[in-house]
Amino acid sequence: MSMRELTVLGTASQTPTRLRNHNGYVLRWDDEVILFDPGEGSQRQLLHTGITATDLTRICVTHFHGDHCLGLPGTIQRLSLDRVPHPVAVHFPAGGAEYFARLRHASSFHETAELAVEPVTADGQRITLGVGTLEARRLRHPIETYGYRLVEPDGCRMLPERLSAYGIGGPAVGKLLRAGYLDVGGRRVTRDEVSVVRPGQRFAFVMDTGLCDGVYALAEHADLLVIESTFLASEAALAAEVGHLTAGQAARVATESGVRTLVLTHFSQRYADPRRFHDEAREHFTGELVVAEDLTTVPVPPRRVASAG
């Protein structure tokens, strides 16, 4: 049974707190299980979720600041310790290849896992997966940083009443779906006449960045957007200076981009009350809003369904 959901391992920026672990997020998307930005403690946080190293199929790192990557050594070594039988792809900014090499071999261990190392070399780079396309977009931060989005191709939904009107049923429906047309009673019926577009789902992951084109490109029509909101509006000047977003900015991005579910995370340790992020974001976004907490799970919303014309 396919499953699409986000599991939050940690929500702290820069410094963990008593209640917030460093960053870490796992997206389960059918057969893909992607670990994003494993900070310190990610391996231990996984133990609380039921997700194992063997489940992982891919690791995506947005950039090489410590709170987004210092969990890599333990995670990589765990892949070998558990003798994960399949290759695990790893994506990260190509300019940080030296950092990745250091983290991969940070201590002595017997490496048996197969890592498929695929750095991101260009803005807009696309990686074809069995479940869709993983796209990387350049963000605005003091060091080379990319966000990611996973896009499922559009499909179609057959309309039973229209199929019935043309006398199409049983195996003929599958034939029509595959070929795109079917000759019935001397008339050619096309797939478009008996179906509507079923929009593919979209997931976006946006970490450390100021506002830029890449943020909007990633967030566009996302069903689930995970986005940093390090600061509140009272620190907007500081956010701009260090390349981060406020909760209000993240919420406005979500509204302008047609996001359905917004997940705020990556909170500065200066804020103890998460309700402040919710209240600030709610001023600008009316959709489903989640202020992430460690070890919570957020489902990807059901597919949008286009109405029949």
# chains A, B, ... in the order shown; residues from 1 in each chain; ligands from 1
call {"tool": "select_by_dssp", "arguments": {"residues": "stretch 47-260 of chain A", "states": "strand (DSSP E)", "output": "ChimeraX atom specification"}}
result
/A:58-60,88-91,115-117,126-129,132-138,146-151,155-158,181-184,187-190,195-198,202-206,224-228
call {"tool": "residues_around", "arguments": {"residues": "A:Gly258", "least_positions_apart": "6", "cutoff": "7 Å", "atoms": "only C-alpha atoms", "output": "ChimeraX atom specification"}}
result
/A:220-222
call {"tool": "write_last_selection", "arguments": {"atoms": "N, CA, C and O atoms", "output": "PDB file, in the first residue's frame"}}
result
ATOM      1  N   GLU A 220       5.711  26.520  -5.987  1.00  0.00           N
ATOM      2  CA  GLU A 220       4.589  26.644  -6.919  1.00  0.00           C
ATOM      3  C   GLU A 220       3.662  25.427  -6.893  1.00  0.00           C
ATOM      4  O   GLU A 220       4.062  24.310  -7.184  1.00  0.00           O
ATOM      5  N   HIS A 221       2.412  25.653  -6.494  1.00  0.00           N
ATOM      6  CA  HIS A 221       1.351  24.631  -6.472  1.00  0.00           C
ATOM      7  C   HIS A 221       1.740  23.397  -5.661  1.00  0.00           C
ATOM      8  O   HIS A 221       1.278  22.288  -5.965  1.00  0.00           O
ATOM      9  N   ALA A 222       2.554  23.582  -4.636  1.00  0.00           N
ATOM     10  CA  ALA A 222       2.938  22.437  -3.802  1.00  0.00           C
ATOM     11  C   ALA A 222       1.750  21.978  -2.963  1.00  0.00           C
ATOM     12  O   ALA A 222       1.043  22.790  -2.358  1.00  0.00           O
TER      13      ALA A 222
END
call {"tool": "closest_atom_pairs", "arguments": {"of": "stretch 217-280 of chain A", "to": "stretch 133-156 of chain A", "cutoff": "10 Å", "atoms": "only C-alpha atoms", "output": "JSON lines"}}
result
{"residue": "A:Ala217", "atom": "CA", "partner": "A:Arg137", "partner_atom": "CA", "distance": 7.6}
{"residue": "A:Leu218", "atom": "CA", "partner": "A:Arg149", "partner_atom": "CA", "distance": 5.9}
{"residue": "A:Ala219", "atom": "CA", "partner": "A:Arg149", "partner_atom": "CA", "distance": 8.0}
{"residue": "A:Glu220", "atom": "CA", "partner": "A:Arg149", "partner_atom": "CA", "distance": 9.7}
{"residue": "A:Ala222", "atom": "CA", "partner": "A:Arg149", "partner_atom": "CA", "distance": 8.5}
{"residue": "A:Asp223", "atom": "CA", "partner": "A:Val151", "partner_atom": "CA", "distance": 9.9}
{"residue": "A:Leu224", "atom": "CA", "partner": "A:Arg149", "partner_atom": "CA", "distance": 9.9}
{"residue": "A:Leu225", "atom": "CA", "partner": "A:Arg149", "partner_atom": "CA", "distance": 8.9}
{"residue": "A:Val226", "atom": "CA", "partner": "A:Arg149", "partner_atom": "CA", "distance": 10.0}
{"residue": "A:Ile227", "atom": "CA", "partner": "A:Gly147", "partner_atom": "CA", "distance": 9.5}
{"residue": "A:Ala240", "atom": "CA", "partner": "A:His141", "partner_atom": "CA", "distance": 9.7}
{"residue": "A:Glu241", "atom": "CA", "partner": "A:Pro142", "partner_atom": "CA", "distance": 9.6}
{"residue": "A:Val242", "atom": "CA", "partner": "A:Pro142", "partner_atom": "CA", "distance": 7.3}
{"residue": "A:Gly243", "atom": "CA", "partner": "A:His141", "partner_atom": "CA", "distance": 4.8}
{"residue": "A:His244", "atom": "CA", "partner": "A:His141", "partner_atom": "CA", "distance": 7.5}
call {"tool": "write_last_selection", "arguments": {"atoms": "N, CA, C and O atoms", "output": "PDB file, in the first residue's frame"}}
result
ATOM      1  N   ALA A 217       9.774  29.175  -7.185  1.00  0.00           N
ATOM      2  CA  ALA A 217       9.778  28.072  -8.152  1.00  0.00           C
ATOM      3  C   ALA A 217       9.545  26.737  -7.459  1.00  0.00           C
ATOM      4  O   ALA A 217       8.836  25.860  -7.967  1.00  0.00           O
ATOM      5  N   LEU A 218      10.132  26.568  -6.289  1.00  0.00           N
ATOM      6  CA  LEU A 218       9.953  25.325  -5.542  1.00  0.00           C
ATOM      7  C   LEU A 218       8.545  25.206  -4.972  1.00  0.00           C
ATOM      8  O   LEU A 218       7.936  24.140  -4.982  1.00  0.00           O
ATOM      9  N   ALA A 219       8.005  26.310  -4.473  1.00  0.00           N
ATOM     10  CA  ALA A 219       6.722  26.286  -3.777  1.00  0.00           C
ATOM     11  C   ALA A 219       5.525  26.222  -4.712  1.00  0.00           C
ATOM     12  O   ALA A 219       4.419  25.877  -4.272  1.00  0.00           O
ATOM     13  N   GLU A 220       5.711  26.520  -5.987  1.00  0.00           N
ATOM     14  CA  GLU A 220       4.589  26.644  -6.919  1.00  0.00           C
ATOM     15  C   GLU A 220       3.662  25.427  -6.893  1.00  0.00           C
ATOM     16  O   GLU A 220       4.062  24.310  -7.184  1.00  0.00           O
ATOM     17  N   ALA A 222       2.554  23.582  -4.636  1.00  0.00           N
ATOM     18  CA  ALA A 222       2.938  22.437  -3.802  1.00  0.00           C
ATOM     19  C   ALA A 222       1.750  21.978  -2.963  1.00  0.00           C
ATOM     20  O   ALA A 222       1.043  22.790  -2.358  1.00  0.00           O
ATOM     21  N   ASP A 223       1.542  20.674  -2.923  1.00  0.00           N
ATOM     22  CA  ASP A 223       0.534  20.125  -2.025  1.00  0.00           C
ATOM     23  C   ASP A 223       1.031  20.199  -0.581  1.00  0.00           C
ATOM     24  O   ASP A 223       0.243  20.408   0.345  1.00  0.00           O
ATOM     25  N   LEU A 224       2.346  20.012  -0.407  1.00  0.00           N
ATOM     26  CA  LEU A 224       2.954  20.097   0.915  1.00  0.00           C
ATOM     27  C   LEU A 224       4.273  20.851   0.785  1.00  0.00           C
ATOM     28  O   LEU A 224       5.163  20.420   0.055  1.00  0.00           O
ATOM     29  N   LEU A 225       4.364  21.981   1.454  1.00  0.00           N
ATOM     30  CA  LEU A 225       5.576  22.800   1.452  1.00  0.00           C
ATOM     31  C   LEU A 225       6.186  22.800   2.844  1.00  0.00           C
ATOM     32  O   LEU A 225       5.536  23.222   3.808  1.00  0.00           O
ATOM     33  N   VAL A 226       7.420  22.326   2.951  1.00  0.00           N
ATOM     34  CA  VAL A 226       8.189  22.407   4.185  1.00  0.00           C
ATOM     35  C   VAL A 226       9.169  23.555   4.004  1.00  0.00           C
ATOM     36  O   VAL A 226       9.996  23.541   3.092  1.00  0.00           O
ATOM     37  N   ILE A 227       9.073  24.556   4.869  1.00  0.00           N
ATOM     38  CA  ILE A 227       9.865  25.760   4.644  1.00  0.00           C
ATOM     39  C   ILE A 227      10.366  26.328   5.965  1.00  0.00           C
ATOM     40  O   ILE A 227       9.671  26.291   6.978  1.00  0.00           O
ATOM     41  N   ALA A 240      16.967  39.056   6.878  1.00  0.00           N
ATOM     42  CA  ALA A 240      17.462  39.451   5.561  1.00  0.00           C
ATOM     43  C   ALA A 240      18.983  39.471   5.524  1.00  0.00           C
ATOM     44  O   ALA A 240      19.604  39.079   4.528  1.00  0.00           O
ATOM     45  N   GLU A 241      19.583  39.903   6.616  1.00  0.00           N
ATOM     46  CA  GLU A 241      21.049  40.009   6.675  1.00  0.00           C
ATOM     47  C   GLU A 241      21.726  38.643   6.597  1.00  0.00           C
ATOM     48  O   GLU A 241      22.767  38.499   5.943  1.00  0.00           O
ATOM     49  N   VAL A 242      21.138  37.637   7.238  1.00  0.00           N
ATOM     50  CA  VAL A 242      21.804  36.333   7.323  1.00  0.00           C
ATOM     51  C   VAL A 242      21.204  35.299   6.372  1.00  0.00           C
ATOM     52  O   VAL A 242      21.605  34.139   6.375  1.00  0.00           O
ATOM     53  N   GLY A 243      20.271  35.705   5.528  1.00  0.00           N
ATOM     54  CA  GLY A 243      19.723  34.784   4.535  1.00  0.00           C
ATOM     55  C   GLY A 243      18.730  33.800   5.095  1.00  0.00           C
ATOM     56  O   GLY A 243      18.878  32.584   4.898  1.00  0.00           O
ATOM     57  N   HIS A 244      17.699  34.329   5.778  1.00  0.00           N
ATOM     58  CA  HIS A 244      16.655  33.476   6.335  1.00  0.00           C
ATOM     59  C   HIS A 244      15.289  34.120   6.105  1.00  0.00           C
ATOM     60  O   HIS A 244      15.189  35.255   5.639  1.00  0.00           O
TER      61      HIS A 244
END
call {"tool": "closest_residue", "arguments": {"among": "A:Asp213, A:Thr75, A:Leu163, A:Asp273", "to": "A:Leu115", "atoms": "only C-alpha atoms"}}
result
A:Thr75
call {"tool": "select_by_dssp", "arguments": {"residues": "stretch 79-239 of chain A", "states": "alpha helix (DSSP H)", "output": "PyMOL selection string"}}
result
chain A and resi 79-81+97-104+160-165+171-179+213-219+236-239
call {"tool": "write_last_selection", "arguments": {"atoms": "N, CA, C and O atoms", "output": "compact mmCIF listing (two decimals), in the first residue's frame"}}
result
# COMPACT_ATOMS: atom_id res chain seq x y z
N LEU A 79 24.10 2.85 7.47
CA LEU A 79 23.75 2.14 6.23
C LEU A 79 24.64 0.91 6.05
O LEU A 79 24.17 -0.16 5.65
N SER A 80 25.92 1.08 6.38
CA SER A 80 26.85 -0.05 6.26
C SER A 80 26.65 -1.04 7.40
O SER A 80 26.67 -2.26 7.18
N LEU A 81 26.46 -0.54 8.62
CA LEU A 81 26.27 -1.44 9.76
C LEU A 81 25.06 -2.35 9.55
O LEU A 81 25.11 -3.54 9.86
N ALA A 97 31.46 19.40 -2.26
CA ALA A 97 31.91 18.01 -2.38
C ALA A 97 33.00 17.65 -1.36
O ALA A 97 33.03 16.53 -0.84
N GLU A 98 33.88 18.61 -1.07
CA GLU A 98 34.93 18.34 -0.09
C GLU A 98 34.34 18.12 1.30
O GLU A 98 34.78 17.24 2.05
N TYR A 99 33.33 18.92 1.65
CA TYR A 99 32.66 18.73 2.94
C TYR A 99 32.00 17.35 3.00
O TYR A 99 32.08 16.66 4.02
N PHE A 100 31.35 16.97 1.92
CA PHE A 100 30.70 15.67 1.91
C PHE A 100 31.71 14.54 2.08
O PHE A 100 31.49 13.59 2.84
N ALA A 101 32.84 14.65 1.40
CA ALA A 101 33.87 13.61 1.50
C ALA A 101 34.38 13.50 2.94
O ALA A 101 34.59 12.40 3.45
N ARG A 102 34.56 14.65 3.60
CA ARG A 102 35.02 14.63 5.00
C ARG A 102 33.99 13.99 5.92
O ARG A 102 34.32 13.19 6.80
N LEU A 103 32.73 14.34 5.71
CA LEU A 103 31.67 13.79 6.55
C LEU A 103 31.50 12.30 6.31
O LEU A 103 31.27 11.52 7.24
N ARG A 104 31.62 11.89 5.07
CA ARG A 104 31.45 10.47 4.73
C ARG A 104 32.50 9.61 5.41
O ARG A 104 32.22 8.49 5.84
N PRO A 160 -16.92 7.49 -15.33
CA PRO A 160 -17.79 6.35 -15.59
C PRO A 160 -19.03 6.69 -16.40
O PRO A 160 -19.45 5.91 -17.28
N GLU A 161 -19.63 7.86 -16.15
CA GLU A 161 -20.86 8.20 -16.87
C GLU A 161 -20.61 8.42 -18.35
O GLU A 161 -21.44 8.07 -19.20
N ARG A 162 -19.45 8.97 -18.70
CA ARG A 162 -19.14 9.17 -20.11
C ARG A 162 -18.75 7.87 -20.79
O ARG A 162 -19.10 7.62 -21.94
N LEU A 163 -18.02 7.03 -20.06
CA LEU A 163 -17.70 5.70 -20.60
C LEU A 163 -18.99 4.94 -20.89
O LEU A 163 -19.15 4.30 -21.94
N SER A 164 -19.93 5.01 -19.98
CA SER A 164 -21.20 4.31 -20.14
C SER A 164 -21.97 4.85 -21.33
O SER A 164 -22.61 4.09 -22.08
N ALA A 165 -21.92 6.17 -21.53
CA ALA A 165 -22.66 6.77 -22.65
C ALA A 165 -22.16 6.26 -23.99
O ALA A 165 -22.93 6.17 -24.96
N PRO A 171 -12.44 -4.62 -20.15
CA PRO A 171 -11.06 -4.47 -20.67
C PRO A 171 -10.90 -3.34 -21.66
O PRO A 171 -9.79 -2.83 -21.85
N ALA A 172 -12.00 -2.93 -22.30
CA ALA A 172 -11.91 -1.86 -23.30
C ALA A 172 -11.47 -0.55 -22.66
O ALA A 172 -10.84 0.29 -23.31
N VAL A 173 -11.79 -0.34 -21.36
CA VAL A 173 -11.38 0.88 -20.67
C VAL A 173 -9.86 0.96 -20.59
O VAL A 173 -9.25 2.00 -20.86
N GLY A 174 -9.22 -0.16 -20.23
CA GLY A 174 -7.76 -0.19 -20.17
C GLY A 174 -7.14 0.04 -21.53
O GLY A 174 -6.11 0.72 -21.64
N LYS A 175 -7.74 -0.53 -22.56
CA LYS A 175 -7.21 -0.34 -23.92
C LYS A 175 -7.29 1.12 -24.32
O LYS A 175 -6.35 1.68 -24.90
N LEU A 176 -8.43 1.76 -24.02
CA LEU A 176 -8.58 3.18 -24.31
C LEU A 176 -7.56 4.02 -23.55
O LEU A 176 -6.95 4.95 -24.11
N LEU A 177 -7.34 3.67 -22.29
CA LEU A 177 -6.41 4.42 -21.47
C LEU A 177 -4.99 4.32 -22.01
O LEU A 177 -4.25 5.32 -22.07
N ARG A 178 -4.62 3.12 -22.45
CA ARG A 178 -3.25 2.92 -22.96
C ARG A 178 -3.04 3.54 -24.33
O ARG A 178 -2.01 4.17 -24.59
N ALA A 179 -4.00 3.36 -25.23
CA ALA A 179 -3.83 3.81 -26.61
C ALA A 179 -4.20 5.28 -26.80
O ALA A 179 -3.72 5.94 -27.72
N ASP A 213 13.84 33.97 -6.38
CA ASP A 213 13.04 33.26 -7.38
C ASP A 213 12.97 31.77 -7.11
O ASP A 213 11.94 31.12 -7.35
N GLY A 214 14.07 31.22 -6.59
CA GLY A 214 14.10 29.79 -6.34
C GLY A 214 13.07 29.34 -5.32
O GLY A 214 12.49 28.25 -5.43
N VAL A 215 12.80 30.19 -4.32
CA VAL A 215 11.79 29.86 -3.31
C VAL A 215 10.43 29.68 -3.96
O VAL A 215 9.70 28.70 -3.72
N TYR A 216 10.06 30.62 -4.82
CA TYR A 216 8.75 30.57 -5.47
C TYR A 216 8.67 29.43 -6.49
O TYR A 216 7.62 28.79 -6.63
N ALA A 217 9.77 29.18 -7.19
CA ALA A 217 9.78 28.07 -8.15
C ALA A 217 9.55 26.74 -7.46
O ALA A 217 8.84 25.86 -7.97
N LEU A 218 10.13 26.57 -6.29
CA LEU A 218 9.95 25.32 -5.54
C LEU A 218 8.55 25.21 -4.97
O LEU A 218 7.94 24.14 -4.98
N ALA A 219 8.00 26.31 -4.47
CA ALA A 219 6.72 26.29 -3.78
C ALA A 219 5.53 26.22 -4.71
O ALA A 219 4.42 25.88 -4.27
N ALA A 236 13.01 40.80 11.26
CA ALA A 236 13.04 40.74 9.80
C ALA A 236 14.36 41.27 9.23
O ALA A 236 14.90 40.73 8.25
N ALA A 237 14.89 42.32 9.82
CA ALA A 237 16.16 42.88 9.32
C ALA A 237 17.29 41.87 9.49
O ALA A 237 18.12 41.69 8.59
N LEU A 238 17.32 41.20 10.64
CA LEU A 238 18.34 40.18 10.87
C LEU A 238 18.16 39.02 9.90
O LEU A 238 19.14 38.50 9.36
N ALA A 239 16.92 38.62 9.66
CA ALA A 239 16.65 37.53 8.73
C ALA A 239 17.20 37.85 7.35
O ALA A 239 17.85 37.01 6.71
call {"tool": "residues_around", "arguments": {"residues": "A:Gly74", "least_positions_apart": "3", "cutoff": "9 Å", "atoms": "only C-alpha atoms", "output": "PDB file with N, CA and C atoms, in the first residue's frame"}}
result
ATOM      1  N   GLU A  40      22.664  16.767  13.599  1.00  0.00           N
ATOM      2  CA  GLU A  40      23.084  15.912  14.721  1.00  0.00           C
ATOM      3  C   GLU A  40      21.862  15.247  15.360  1.00  0.00           C
ATOM      4  N   GLY A  41      22.017  13.996  15.717  1.00  0.00           N
ATOM      5  CA  GLY A  41      20.944  13.295  16.407  1.00  0.00           C
ATOM      6  C   GLY A  41      19.909  12.661  15.513  1.00  0.00           C
ATOM      7  N   SER A  42      20.054  12.816  14.196  1.00  0.00           N
ATOM      8  CA  SER A  42      19.033  12.265  13.289  1.00  0.00           C
ATOM      9  C   SER A  42      18.929  10.750  13.399  1.00  0.00           C
ATOM     10  N   GLN A  43      20.074  10.096  13.550  1.00  0.00           N
ATOM     11  CA  GLN A  43      20.051   8.632  13.638  1.00  0.00           C
ATOM     12  C   GLN A  43      19.240   8.186  14.857  1.00  0.00           C
ATOM     13  N   LEU A  70      25.496  17.540   9.951  1.00  0.00           N
ATOM     14  CA  LEU A  70      26.383  16.837  10.879  1.00  0.00           C
ATOM     15  C   LEU A  70      25.847  15.474  11.312  1.00  0.00           C
ATOM     16  N   GLY A  71      24.640  15.136  10.892  1.00  0.00           N
ATOM     17  CA  GLY A  71      24.140  13.782  11.110  1.00  0.00           C
ATOM     18  C   GLY A  71      24.518  12.821   9.996  1.00  0.00           C
ATOM     19  N   GLN A  77      27.278   5.637   8.182  1.00  0.00           N
ATOM     20  CA  GLN A  77      27.847   4.448   8.813  1.00  0.00           C
ATOM     21  C   GLN A  77      26.755   3.439   9.174  1.00  0.00           C
ATOM     22  N   ARG A  78      25.579   3.941   9.541  1.00  0.00           N
ATOM     23  CA  ARG A  78      24.486   3.029   9.863  1.00  0.00           C
ATOM     24  C   ARG A  78      24.031   2.240   8.637  1.00  0.00           C
ATOM     25  N   LEU A  79      24.099   2.853   7.466  1.00  0.00           N
ATOM     26  CA  LEU A  79      23.748   2.141   6.233  1.00  0.00           C
ATOM     27  C   LEU A  79      24.640   0.912   6.054  1.00  0.00           C
ATOM     28  N   ARG A 104      31.615  11.894   5.070  1.00  0.00           N
ATOM     29  CA  ARG A 104      31.447  10.470   4.726  1.00  0.00           C
ATOM     30  C   ARG A 104      32.496   9.614   5.413  1.00  0.00           C
TER      31      ARG A 104
END
call {"tool": "closest_atom_pairs", "arguments": {"of": "stretch 283-307 of chain A", "to": "stretch 11-25 of chain A", "cutoff": "8 Å", "atoms": "only C-alpha atoms", "output": "Markdown table"}}
result
| residue | atom | partner | partner_atom | distance |
| --- | --- | --- | --- | --- |
| A:Ala292 | CA | A:Thr11 | CA | 6.7 |
| A:Glu293 | CA | A:Thr11 | CA | 6.4 |
| A:Asp294 | CA | A:Thr11 | CA | 6.1 |
call {"tool": "closest_residue", "arguments": {"among": "A:His91, A:Val206, A:His105, A:Ser268", "to": "A:Thr121", "atoms": "only C-alpha atoms"}}
result
A:His91
call {"tool": "atom_distance", "arguments": {"atom1": "atom CA of A:Val291", "atom2": "atom CA of A:Leu262"}}
result
8.4 Å
call {"tool": "atom_distance", "arguments": {"atom1": "atom CA of A:Gln269", "atom2": "atom CA of A:Ala106"}}
result
27.5 Å
call {"tool": "closest_residue", "arguments": {"among": "A:Leu46, A:Pro93, A:Asp37, A:Phe285", "to": "A:Leu72", "atoms": "only C-alpha atoms"}}
result
A:Asp37
call {"tool": "residues_around", "arguments": {"residues": "A:Leu232", "least_positions_apart": "4", "cutoff": "12 Å", "atoms": "only C-alpha atoms", "output": "tab-separated table (two decimals) with N, CA, C and O atoms, in the first residue's frame"}}
result
chain	number	residue	atom	x	y	z
A	228	GLU	N	11.60	26.82	5.93
A	228	GLU	CA	12.17	27.43	7.14
A	228	GLU	C	11.44	28.72	7.48
A	228	GLU	O	11.04	29.48	6.61
A	236	ALA	N	13.01	40.80	11.26
A	236	ALA	CA	13.04	40.74	9.80
A	236	ALA	C	14.36	41.27	9.23
A	236	ALA	O	14.90	40.73	8.25
A	237	ALA	N	14.89	42.32	9.82
A	237	ALA	CA	16.16	42.88	9.32
A	237	ALA	C	17.29	41.87	9.49
A	237	ALA	O	18.12	41.69	8.59
A	238	LEU	N	17.32	41.20	10.64
A	238	LEU	CA	18.34	40.18	10.87
A	238	LEU	C	18.16	39.02	9.90
A	238	LEU	O	19.14	38.50	9.36
A	239	ALA	N	16.92	38.62	9.66
A	239	ALA	CA	16.65	37.53	8.73
A	239	ALA	C	17.20	37.85	7.35
A	239	ALA	O	17.85	37.01	6.71
A	240	ALA	N	16.97	39.06	6.88
A	240	ALA	CA	17.46	39.45	5.56
A	240	ALA	C	18.98	39.47	5.52
A	240	ALA	O	19.60	39.08	4.53
A	244	HIS	N	17.70	34.33	5.78
A	244	HIS	CA	16.66	33.48	6.33
A	244	HIS	C	15.29	34.12	6.10
A	244	HIS	O	15.19	35.25	5.64
A	245	LEU	N	14.24	33.37	6.45
A	245	LEU	CA	12.87	33.84	6.29
A	245	LEU	C	12.21	34.04	7.65
A	245	LEU	O	12.57	33.40	8.63
A	246	THR	N	11.20	34.90	7.67
A	246	THR	CA	10.32	35.00	8.82
A	246	THR	C	9.09	34.13	8.56
A	246	THR	O	8.82	33.73	7.44
A	247	ALA	N	8.33	33.88	9.62
A	247	ALA	CA	7.10	33.10	9.47
A	247	ALA	C	6.13	33.77	8.52
A	247	ALA	O	5.48	33.12	7.70
A	248	GLY	N	6.03	35.10	8.62
A	248	GLY	CA	5.14	35.83	7.73
A	248	GLY	C	5.56	35.73	6.28
A	248	GLY	O	4.73	35.57	5.38
A	249	GLN	N	6.87	35.83	6.02
A	249	GLN	CA	7.35	35.70	4.64
A	249	GLN	C	7.06	34.31	4.08
A	249	GLN	O	6.62	34.16	2.93
A	250	ALA	N	7.32	33.28	4.88
A	250	ALA	CA	7.04	31.91	4.44
A	250	ALA	C	5.57	31.74	4.12
A	250	ALA	O	5.19	31.08	3.13
A	251	ALA	N	4.70	32.32	4.95
A	251	ALA	CA	3.26	32.20	4.73
A	251	ALA	C	2.83	32.93	3.47
A	251	ALA	O	1.97	32.45	2.72
A	264	LEU	N	5.86	24.89	8.77
A	264	LEU	CA	6.92	25.79	9.21
A	264	LEU	C	7.89	25.03	10.12
A	264	LEU	O	7.47	24.24	10.97
A	266	HIS	N	12.53	24.89	11.45
A	266	HIS	CA	13.85	25.54	11.53
A	266	HIS	C	13.76	26.81	12.37
A	266	HIS	O	14.07	27.91	11.92
A	267	PHE	N	13.37	26.67	13.62
A	267	PHE	CA	13.10	27.80	14.50
A	267	PHE	C	14.34	28.21	15.30
A	267	PHE	O	15.05	27.36	15.83
A	268	SER	N	14.56	29.50	15.40
A	268	SER	CA	15.65	30.02	16.22
A	268	SER	C	15.41	29.67	17.68
A	268	SER	O	14.28	29.70	18.17
A	269	GLN	N	16.50	29.39	18.39
A	269	GLN	CA	16.40	29.03	19.80
A	269	GLN	C	15.93	30.20	20.67
A	269	GLN	O	15.59	30.02	21.84
A	270	ARG	N	15.88	31.40	20.11
A	270	ARG	CA	15.45	32.56	20.89
A	270	ARG	C	13.95	32.54	21.18
A	270	ARG	O	13.47	33.29	22.02
A	271	TYR	N	13.20	31.69	20.44
A	271	TYR	CA	11.75	31.65	20.62
A	271	TYR	C	11.34	30.37	21.35
A	271	TYR	O	11.59	29.27	20.86
A	273	ASP	N	8.02	29.90	22.43
A	273	ASP	CA	6.59	29.64	22.22
A	273	ASP	C	6.29	29.47	20.74
A	273	ASP	O	6.27	30.46	19.99
A	274	PRO	N	6.03	28.26	20.26
A	274	PRO	CA	5.78	28.05	18.83
A	274	PRO	C	4.49	28.67	18.34
A	274	PRO	O	4.31	28.87	17.13
A	275	ARG	N	3.58	29.02	19.25
A	275	ARG	CA	2.32	29.63	18.82
A	275	ARG	C	2.54	30.97	18.14
A	275	ARG	O	1.72	31.41	17.32
A	276	ARG	N	3.65	31.60	18.45
A	276	ARG	CA	3.93	32.89	17.82
A	276	ARG	C	4.16	32.73	16.32
A	276	ARG	O	3.76	33.60	15.53
A	277	PHE	N	4.76	31.63	15.91
A	277	PHE	CA	4.95	31.36	14.49
A	277	PHE	C	3.61	31.09	13.81
A	277	PHE	O	3.35	31.56	12.70
A	278	HIS	N	2.76	30.34	14.49
A	278	HIS	CA	1.43	30.06	13.96
A	278	HIS	C	0.64	31.35	13.77
A	278	HIS	O	0.05	31.60	12.70
A	279	ASP	N	0.63	32.19	14.78
A	279	ASP	CA	-0.18	33.41	14.73
A	279	ASP	C	0.32	34.35	13.63
A	279	ASP	O	-0.49	34.95	12.91
A	280	GLU	N	1.63	34.46	13.50
A	280	GLU	CA	2.17	35.35	12.48
A	280	GLU	C	1.88	34.81	11.08
A	280	GLU	O	1.49	35.56	10.18
A	281	ALA	N	2.04	33.52	10.88
A	281	ALA	CA	1.78	32.92	9.57
A	281	ALA	C	0.31	32.99	9.21
A	281	ALA	O	-0.05	33.21	8.05
